[in-house]
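Asks: My file is start29.cif. It has mmCIF, C-alpha atoms and all ligand atoms:
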data_query
loop_
_atom_site.label_atom_id
_atom_site.label_comp_id
_atom_site.auth_asym_id
_atom_site.auth_seq_id
_atom_site.Cartn_x
_atom_site.Cartn_y
_atom_site.Cartn_z
CA MET A 47 -32.88 3.85 59.02
CA THR A 48 -32.57 7.27 57.38
CA ILE A 49 -34.73 8.19 54.41
CA GLN A 50 -31.62 8.11 52.21
CA HIS A 51 -30.90 4.51 53.28
CA GLN A 52 -34.50 3.51 52.65
CA ILE A 53 -34.27 4.96 49.15
CA LEU A 54 -30.96 3.22 48.48
CA GLN A 55 -32.45 -0.07 49.68
CA LYS A 56 -35.40 0.30 47.31
CA ILE A 57 -33.04 1.11 44.43
CA LYS A 58 -31.10 -2.07 45.18
CA GLU A 59 -34.34 -4.12 45.19
CA TYR A 60 -35.49 -3.17 41.68
CA LYS A 61 -34.14 -4.19 38.28
CA THR A 62 -35.88 -1.39 36.40
CA ILE A 63 -36.00 2.20 37.61
CA ILE A 64 -37.86 4.99 35.79
CA ILE A 65 -37.23 8.59 36.73
CA HIS A 66 -39.70 11.43 36.17
CA ARG A 67 -39.68 15.20 36.79
CA HIS A 68 -42.02 18.14 36.36
CA VAL A 69 -43.53 19.66 33.21
CA ASN A 70 -41.86 22.85 31.94
CA PRO A 71 -38.53 21.46 33.17
CA ASP A 72 -35.76 23.76 34.34
CA PRO A 73 -32.11 22.75 34.88
CA ASP A 74 -32.87 21.59 38.45
CA ALA A 75 -35.64 19.28 37.25
CA LEU A 76 -33.54 17.89 34.40
CA GLY A 77 -30.29 17.87 36.35
CA SER A 78 -31.77 15.94 39.27
CA GLN A 79 -33.65 13.53 37.02
CA VAL A 80 -30.83 12.70 34.62
CA GLY A 81 -28.13 13.21 37.28
CA LEU A 82 -29.81 10.50 39.37
CA GLN A 83 -30.27 8.32 36.29
CA LYS A 84 -26.59 8.49 35.32
CA LEU A 85 -25.55 7.98 38.94
CA LEU A 86 -27.59 4.79 39.19
CA GLN A 87 -26.39 3.57 35.79
CA LEU A 88 -22.78 4.09 36.86
CA ASN A 89 -23.14 2.42 40.24
CA PHE A 90 -25.59 -0.32 39.30
CA PRO A 91 -24.72 -1.20 35.69
CA GLU A 92 -26.85 -4.35 35.80
CA LYS A 93 -30.04 -2.29 36.19
CA THR A 94 -32.15 -0.59 33.51
CA VAL A 95 -32.52 3.05 34.50
CA LYS A 96 -34.50 5.40 32.26
CA ALA A 97 -35.53 9.05 32.26
CA THR A 98 -38.94 9.96 30.90
CA GLY A 99 -40.79 13.10 29.80
CA TYR A 100 -40.65 15.33 26.76
CA ASP A 101 -37.43 16.85 25.50
CA GLU A 102 -37.51 20.57 26.30
CA PRO A 103 -35.86 22.07 23.17
CA SER A 104 -34.11 24.90 25.03
CA LEU A 105 -32.43 22.41 27.39
CA THR A 106 -31.49 19.44 25.19
CA TRP A 107 -27.88 20.70 25.39
CA LEU A 108 -27.98 19.65 29.05
CA ALA A 109 -29.86 16.35 29.01
CA GLN A 110 -32.16 14.22 26.91
CA MET A 111 -34.92 11.75 27.62
CA ASP A 112 -35.22 8.04 26.82
CA ASP A 113 -37.90 6.03 25.06
CA VAL A 114 -39.87 4.40 27.85
CA SER A 115 -42.47 1.78 26.95
CA ASP A 116 -45.53 0.84 29.00
CA GLN A 117 -43.92 -2.55 29.58
CA ASP A 118 -40.91 -0.91 31.22
CA TYR A 119 -43.18 0.04 34.13
CA GLU A 120 -43.92 -3.61 35.01
CA ASN A 121 -42.32 -4.34 38.41
CA SER A 122 -40.40 -1.09 38.24
CA LEU A 123 -39.38 1.48 40.82
CA VAL A 124 -40.53 4.99 39.86
CA ILE A 125 -38.73 8.01 41.28
CA VAL A 126 -40.14 11.52 40.74
CA CYS A 127 -37.66 14.37 41.16
CA ASP A 128 -38.34 18.05 41.89
CA THR A 129 -42.12 17.84 41.56
CA ALA A 130 -44.33 19.04 44.43
CA ASN A 131 -47.67 17.89 43.12
CA THR A 132 -48.90 15.00 40.99
CA ALA A 133 -50.63 17.36 38.53
CA ARG A 134 -47.21 18.66 37.46
CA ILE A 135 -45.51 15.29 36.96
CA ASP A 136 -44.45 14.91 33.35
CA ASP A 137 -45.54 11.55 31.91
CA LYS A 138 -48.73 10.45 33.60
CA ARG A 139 -47.62 6.82 33.75
CA TYR A 140 -45.83 7.48 37.07
CA PRO A 141 -48.34 5.38 39.10
CA ASN A 142 -47.74 2.34 36.85
CA GLY A 143 -44.64 1.06 38.67
CA SER A 144 -44.61 -1.12 41.79
CA PHE A 145 -43.19 1.49 44.16
CA LEU A 146 -43.15 5.29 43.99
CA ILE A 147 -40.56 7.62 45.55
CA LYS A 148 -40.70 11.42 45.66
CA ILE A 149 -37.47 13.44 46.03
CA ASP A 150 -38.08 17.19 46.24
CA HIS A 151 -37.31 20.51 47.88
CA HIS A 152 -40.69 22.26 47.42
CA PRO A 153 -43.22 22.56 50.26
CA ASN A 154 -44.89 19.16 50.60
CA ASP A 155 -48.43 20.38 49.92
CA ASP A 156 -49.37 17.33 47.87
CA VAL A 157 -48.14 14.27 49.70
CA TYR A 158 -47.66 11.40 47.26
CA GLY A 159 -45.53 8.31 46.86
CA ASP A 160 -44.78 5.28 49.03
CA LEU A 161 -41.68 7.05 50.27
CA ALA A 162 -40.85 10.76 50.17
CA TRP A 163 -37.63 12.68 50.78
CA VAL A 164 -38.70 16.30 50.94
CA ASP A 165 -36.27 18.87 52.28
CA THR A 166 -37.54 22.42 51.90
CA ASN A 167 -34.27 23.73 53.33
CA SER A 168 -32.44 22.46 50.29
CA SER A 169 -31.61 24.98 47.58
CA SER A 170 -32.52 22.50 44.88
CA THR A 171 -33.32 18.89 44.21
CA CYS A 172 -29.87 18.62 42.65
CA GLU A 173 -28.40 19.45 46.06
CA LEU A 174 -30.32 16.46 47.49
CA ILE A 175 -29.19 14.10 44.73
CA SER A 176 -25.60 15.30 45.26
CA LEU A 177 -25.90 14.59 49.00
CA PHE A 178 -27.35 11.18 48.20
CA ALA A 179 -24.30 10.41 46.07
CA LEU A 180 -21.73 11.88 48.44
CA ASP A 181 -23.18 10.54 51.71
CA ASN A 182 -23.49 7.04 50.27
CA HIS A 183 -20.03 7.16 48.66
CA LEU A 184 -21.45 6.48 45.22
CA LYS A 185 -19.19 6.79 42.20
CA MET A 186 -19.69 9.97 40.20
CA ASP A 187 -18.29 11.22 36.91
CA ALA A 188 -17.85 14.58 35.23
CA TYR A 189 -21.19 14.50 33.39
CA ILE A 190 -23.14 13.68 36.56
CA ALA A 191 -21.32 16.45 38.42
CA LYS A 192 -22.09 18.88 35.60
CA LEU A 193 -25.81 18.03 35.61
CA LEU A 194 -26.08 18.47 39.37
CA TYR A 195 -23.98 21.62 39.39
CA ALA A 196 -26.15 23.11 36.62
CA GLY A 197 -29.31 22.47 38.63
CA ILE A 198 -27.88 23.99 41.79
CA THR A 199 -26.59 27.10 40.01
CA SER A 200 -29.90 27.53 38.18
CA ASP A 201 -32.16 27.21 41.24
CA THR A 202 -29.98 29.50 43.36
CA GLY A 203 -29.60 32.15 40.63
CA ARG A 204 -25.91 31.33 40.69
CA PHE A 205 -25.69 31.32 44.51
CA LEU A 206 -27.59 34.59 44.83
CA TYR A 207 -30.94 33.59 46.37
CA PRO A 208 -31.42 33.11 50.14
CA ALA A 209 -31.89 29.33 49.69
CA THR A 210 -28.12 29.15 49.13
CA THR A 211 -26.65 27.72 52.34
CA ALA A 212 -23.21 26.69 53.53
CA ARG A 213 -24.23 23.14 52.63
CA THR A 214 -25.11 24.25 49.09
CA LEU A 215 -21.66 25.74 48.65
CA GLN A 216 -19.96 22.68 50.16
CA VAL A 217 -21.83 20.38 47.78
CA ALA A 218 -21.10 22.66 44.80
CA SER A 219 -17.43 22.70 45.76
CA GLN A 220 -17.32 18.90 45.79
CA LEU A 221 -19.01 18.75 42.39
CA ARG A 222 -16.45 21.21 41.02
CA GLU A 223 -13.71 18.66 41.79
CA TYR A 224 -14.89 16.74 38.71
CA PRO A 225 -13.37 17.75 35.38
CA PHE A 226 -16.40 19.14 33.56
CA ASP A 227 -16.03 22.27 31.48
CA PHE A 228 -17.08 24.71 34.15
CA ALA A 229 -16.38 27.87 32.16
CA THR A 230 -18.47 26.76 29.18
CA LEU A 231 -21.33 25.73 31.47
CA ALA A 232 -21.20 29.03 33.38
CA ARG A 233 -21.14 30.98 30.11
CA LYS A 234 -24.01 28.92 28.69
CA MET A 235 -26.13 29.52 31.77
CA ASP A 236 -25.35 33.23 31.80
CA SER A 237 -26.10 33.94 28.16
CA PHE A 238 -29.28 34.21 26.13
CA SER A 239 -30.20 34.54 22.49
CA TYR A 240 -30.50 37.88 20.74
CA LYS A 241 -34.29 37.54 20.59
CA VAL A 242 -34.40 36.97 24.36
CA ALA A 243 -32.24 40.09 24.74
CA LYS A 244 -34.97 42.01 22.91
CA LEU A 245 -37.53 40.58 25.34
CA GLN A 246 -35.32 41.71 28.26
CA GLY A 247 -35.59 45.22 26.85
CA TYR A 248 -39.36 44.87 26.60
CA VAL A 249 -39.58 43.79 30.24
CA TYR A 250 -37.65 46.85 31.47
CA ASP A 251 -39.70 49.15 29.21
CA HIS A 252 -43.14 47.77 30.09
CA LEU A 253 -42.80 46.82 33.74
CA GLU A 254 -45.63 48.19 35.87
CA LEU A 255 -44.22 49.10 39.27
CA ASP A 256 -46.24 50.47 42.19
CA GLU A 257 -45.01 52.70 45.00
CA ASN A 258 -44.52 49.73 47.37
CA GLY A 259 -42.36 47.64 45.08
CA ALA A 260 -44.95 45.32 43.50
CA ALA A 261 -44.32 44.84 39.79
CA ARG A 262 -45.64 42.91 36.85
CA VAL A 263 -45.23 42.53 33.14
CA ILE A 264 -47.64 40.89 30.70
CA ILE A 265 -46.27 38.90 27.80
CA THR A 266 -48.91 38.15 25.22
CA GLN A 267 -48.92 35.48 22.55
CA ASP A 268 -48.67 38.26 19.95
CA LEU A 269 -45.48 39.49 21.57
CA LEU A 270 -44.01 35.98 21.76
CA LYS A 271 -44.86 35.41 18.11
CA ALA A 272 -43.40 38.77 17.08
CA HIS A 273 -40.13 37.84 18.80
CA GLN A 274 -40.36 34.20 17.67
CA LEU A 275 -40.12 33.06 21.27
CA THR A 276 -41.54 30.03 23.05
CA ASP A 277 -42.99 30.01 26.55
CA ALA A 278 -39.91 28.06 27.73
CA GLU A 279 -37.59 30.83 26.56
CA THR A 280 -39.32 33.31 28.88
CA ALA A 281 -37.43 31.55 31.70
CA ASP A 282 -34.52 33.86 30.92
CA ILE A 283 -36.48 36.98 31.83
CA VAL A 284 -38.19 35.77 35.00
CA ALA A 285 -35.46 37.11 37.29
CA THR A 286 -35.06 40.36 35.35
CA PRO A 287 -37.37 42.66 37.39
CA GLY A 288 -35.56 41.57 40.57
CA ARG A 289 -32.43 43.33 39.36
CA ILE A 290 -34.21 46.65 39.90
CA GLU A 291 -33.60 48.01 43.42
CA ASP A 292 -37.19 49.30 43.88
CA VAL A 293 -38.81 45.98 43.02
CA LYS A 294 -39.69 43.75 46.00
CA LEU A 295 -41.97 41.20 44.39
CA TRP A 296 -43.21 40.63 40.89
CA GLY A 297 -45.25 38.54 38.47
CA ILE A 298 -44.53 37.66 34.87
CA PHE A 299 -47.84 36.89 33.15
CA VAL A 300 -47.18 34.79 30.07
CA GLU A 301 -50.16 34.16 27.81
CA GLN A 302 -50.30 30.53 26.65
CA GLU A 303 -51.49 29.24 23.30
CA SER A 304 -54.64 27.98 25.05
CA GLY A 305 -55.42 31.58 26.06
CA HIS A 306 -54.82 31.31 29.80
CA PHE A 307 -51.86 32.95 31.55
CA ARG A 308 -48.97 31.17 33.23
CA VAL A 309 -48.02 33.51 36.06
CA ARG A 310 -44.47 33.24 37.36
CA LEU A 311 -44.23 34.84 40.78
CA ARG A 312 -40.98 35.89 42.42
CA SER A 313 -40.07 37.85 45.55
CA LYS A 314 -36.95 39.09 47.29
CA PHE A 315 -38.17 38.44 50.85
CA ILE A 316 -42.00 38.59 51.18
CA PRO A 317 -43.58 35.10 50.74
CA ILE A 318 -45.82 35.00 47.67
CA ASN A 319 -46.72 31.31 47.44
CA GLU A 320 -50.14 31.87 49.07
CA VAL A 321 -51.02 34.05 46.07
CA ALA A 322 -49.94 31.17 43.83
CA LYS A 323 -52.06 28.73 45.82
CA ASN A 324 -55.09 31.05 45.50
CA HIS A 325 -54.74 30.86 41.72
CA HIS A 326 -54.29 27.23 40.67
CA GLY A 327 -50.61 27.00 41.56
CA GLY A 328 -48.05 26.73 44.31
CA GLY A 329 -44.32 26.59 44.87
CA HIS A 330 -41.67 28.05 47.15
CA PRO A 331 -42.23 31.09 49.39
CA LEU A 332 -40.07 33.27 47.12
CA ALA A 333 -40.55 31.53 43.76
CA SER A 334 -43.88 30.11 42.73
CA GLY A 335 -46.21 29.71 39.81
CA ALA A 336 -49.92 30.34 39.28
CA ASN A 337 -52.42 30.11 36.43
CA SER A 338 -54.90 32.80 35.51
CA TYR A 339 -57.90 32.07 33.36
CA THR A 340 -59.33 35.56 32.76
CA LEU A 341 -58.04 39.11 32.41
CA GLU A 342 -59.89 39.87 35.66
CA GLU A 343 -57.94 37.15 37.40
CA ASN A 344 -54.72 38.75 36.12
CA GLU A 345 -55.80 41.94 37.87
CA GLU A 346 -56.74 40.06 41.06
CA ILE A 347 -53.32 38.45 41.19
CA PHE A 348 -51.54 41.77 40.71
CA GLN A 349 -53.81 43.31 43.37
CA GLU A 350 -52.88 40.54 45.83
CA LEU A 351 -49.20 41.15 45.11
CA LYS A 352 -49.66 44.89 45.67
CA GLU A 353 -51.38 44.23 48.99
CA LEU A 354 -48.52 42.03 50.16
CA ALA A 355 -45.98 44.71 49.28
CA LYS A 356 -48.11 47.37 51.00
CA LYS A 357 -48.55 45.31 54.18
CA GLN A 358 -44.81 44.83 54.39
CA ARG A 359 -44.22 48.57 54.16
CA LYS A 360 -46.37 49.32 57.19
P1 LIG B 401 -41.73 28.67 37.53
O1 LIG B 401 -42.21 30.08 37.58
O2 LIG B 401 -42.50 27.81 36.60
O3 LIG B 401 -40.26 28.62 37.35
O4 LIG B 401 -42.03 28.05 38.94
C1 LIG B 401 -41.47 28.50 40.13
C2 LIG B 401 -41.72 27.50 41.22
O5 LIG B 401 -43.11 27.36 41.45
C3 LIG B 401 -41.20 26.14 40.85
O6 LIG B 401 -40.48 25.66 41.95
C4 LIG B 401 -42.42 25.31 40.58
O7 LIG B 401 -42.27 24.03 41.05
C5 LIG B 401 -43.53 26.02 41.30
N1 LIG B 401 -44.73 26.03 40.48
C6 LIG B 401 -44.88 26.63 39.28
N2 LIG B 401 -46.12 26.43 38.78
C7 LIG B 401 -46.78 25.69 39.69
C8 LIG B 401 -48.10 25.13 39.75
N3 LIG B 401 -48.99 25.32 38.80
N4 LIG B 401 -48.42 24.40 40.84
C9 LIG B 401 -47.52 24.21 41.84
N5 LIG B 401 -46.26 24.71 41.84
C10 LIG B 401 -45.89 25.43 40.79
#
Any chance you could give the structure as structure tokens?

Replies:
Amino acid sequence: MTIQHQILQKIKEYKTIIIHRHVNPDPDALGSQVGLQKLLQLNFPEKTVKATGYDEPSLTWLAQMDDVSDQDYENSLVIVCDTANTARIDDKRYPNGSFLIKIDHHPNDDVYGDLAWVDTNSSSTCELISLFALDNHLKMDAYIAKLLYAGITSDTGRFLYPATTARTLQVASQLREYPFDFATLARKMDSFSYKVAKLQGYVYDHLELDENGAARVIITQDLLKAHQLTDAETADIVATPGRIEDVKLWGIFVEQESGHFRVRLRSKFIPINEVAKNHHGGGHPLASGANSYTLEENEEIFQELKELAKKQRK
């Protein structure tokens, strides 16, 4: 029996299903979580299917969470989407169900769950949920298609990053058959607020770039406050340095209210996830996240990035 069939069988067995995703959700996390929720609600209307976690204010236009009580977890099936490691699962009640399933496309460094569908060749978790729906001939509707399409376009940088495969495009094409407002969604995902535009300018102005293509920018709490920006809104500038031809890999160091730095690492072709793993993080070879607890650690991370870029040049 394929993993997909095993998952479908488990879904059929349970009356209550609770779906989680990672903290700091992006459209792939939310799209896969709520896309799967709506898919199960549509195909199994007799079941209670809920999505849990906090509502990320910058993404409530896409999807919103439910109220999930502790009692809901009794005899429930819990599915965690798009989350590589347990530390990053939003809503720590995920072990409280009777059976736990992981569906993800990140490297499986933290193996958890009674059943796991992890496909690192997939562009996004939304691509996996789409395949799950299409391969099993589940009913879909325009909202589900929109959620899944949003996640795929977000995680592939609108079909730009190397993780975009023929299968990604085939799946996206099938989703586009549904009558969601594609133009509005595309516009929404391509635009940012005026204050984020100012931050874009800051990133270009203050980017440190070495001779081998390693770059970084530091975004302090003072800067965020001056621009009235939240940490979540910095998502719109993470890809910005990559638009510069000379940049090969880069880090965006965002100071958190607690004082430590969330470091968002990106690369065009040189794997950087080992750097993330060295500094309390992880992720994909070309897109990962780390945490830095001192200014010295910030420098160490940038140094490691510089060394990777230098090695590649040789
Ligand atoms: P981000 O920069 O937060 O968009 O994260 C990029 C990728 O790295 C995502 O796929 C995350 O799942 C992963 N990632 C980010 N932070 C961490 C972390 N602390 N631990 C493990 N993976 C992470």

Asks: Residues up to 6 Å from ligand LIG 401 (chain B), counting all atoms listed in the file: could you list those as a PyMOL selection string?

Replies: chain A and resi 310+326-330+333-336

Asks: Here's a test: counting all atoms listed in the file, identify every protein, DNA and RNA residue with an atom at most 7 Å from (-38.7, 44.6, 33.7) in the file's coordinate frame, and state them as a list in words.

Replies: Val249, Tyr250, Asp251, His252, Leu253, Val263, Thr286 and Pro287 of chain A

Asks: What is the distance between atom CA of A:Gln216 and atom CA of A:Thr202, in Å to one decimal?

Replies: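 Taking atom CA of A:Gln216 as the start and atom CA of A:Thr202 as the end point, the length is 13.9 Å.
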
Asks: Hey, can you check how far atom CA of A:Lys84 sits from atom CA of A:Ile190?

Replies: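 Separation of atom CA of A:Lys84 and atom CA of A:Ile190: 6.4 Å.
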
Asks: Find the distance between atom CA of A:Met111 and atom CA of A:Gly99 and write it in Å to one decimal.

Replies: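 Between atom CA of A:Met111 and atom CA of A:Gly99 the gap is 6.4 Å.
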
Asks: With distances taken over only C-alpha atoms, which residue among A:Ile290, A:Leu245, A:Leu354, A:Ile63 lies nearest A:Gln274?

Replies: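 Looking at the shortest contact to A:Gln274, the residue is A:Leu245.
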
Asks: What lies within 12 Å of A:Thr106 using only C-alpha atoms, ignoring chain neighbours under 6 positions off, as a ChimeraX atom specification?

Replies: /A:71-73,76-77,80,100,193

Asks: I need every residue sitting at most 9 Å from the point (-34.4, 39.5, 32.9) (coordinates as in the file, all atoms listed in the file considered), written as an MDAnalysis selection string.

Replies: chainID A and resid 242:243 245:247 249:250 280:289

Asks: Pick out the residues sitting within 12 Å of A:Pro317, and hand them over as a list of chain:residue names; count only C-alpha atoms, and ignore anything fewer than 5 positions along from it in its own chain.

Replies: A:Lys294, A:Leu295, A:Trp296, A:Leu311, A:Arg312, A:Ala322, A:Lys323, A:Gly328, A:Gly329, A:His330, A:Pro331, A:Leu332, A:Ala333, A:Ser334, A:Glu350, A:Leu351, A:Leu354, A:Ala355, A:Lys357, A:Gln358

Asks: Between A:Lys314, A:Arg134, A:His325, A:His66, which residue has the minimum interatomic distance to A:Tyr207, considering all atoms listed in the file?

Replies: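 Among A:Lys314, A:Arg134, A:His325, A:His66, it is A:Lys314 that comes nearest to A:Tyr207.
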
Asks: Using only C-alpha atoms, find the one residue out of A:Val293, A:Leu86, A:Leu221, A:Val321 that sits nearest to A:Ser176.

Replies: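 Ranked by minimum distance to A:Ser176, first place goes to A:Leu221.
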
Asks: Between A:Leu88, A:Leu174, A:Val69, A:Leu180, which has the minimum distance to A:Asn131 (counting only C-alpha atoms)?

Replies: A:Val69

Asks: Here is a test: counting all atoms listed in the file, which residue of A:Tyr248, A:Phe90, A:Tyr158, A:Tyr60 is nearest to A:Tyr119?

Replies: A:Tyr60

Asks: Taking 5 positions as the minimum chain separation for residues in the same chain, which residues sit within 6 Å of A:Ala162 when counting only C-alpha atoms? Answer as a ChimeraX atom specification.

Replies: /A:147-149

Asks: Can you work out which one of A:Phe348, A:Tyr140, A:Tyr195, A:Tyr240 has the shortest atom-to-atom distance to A:Glu120, counting all atoms listed in the file?

Replies: A:Tyr140
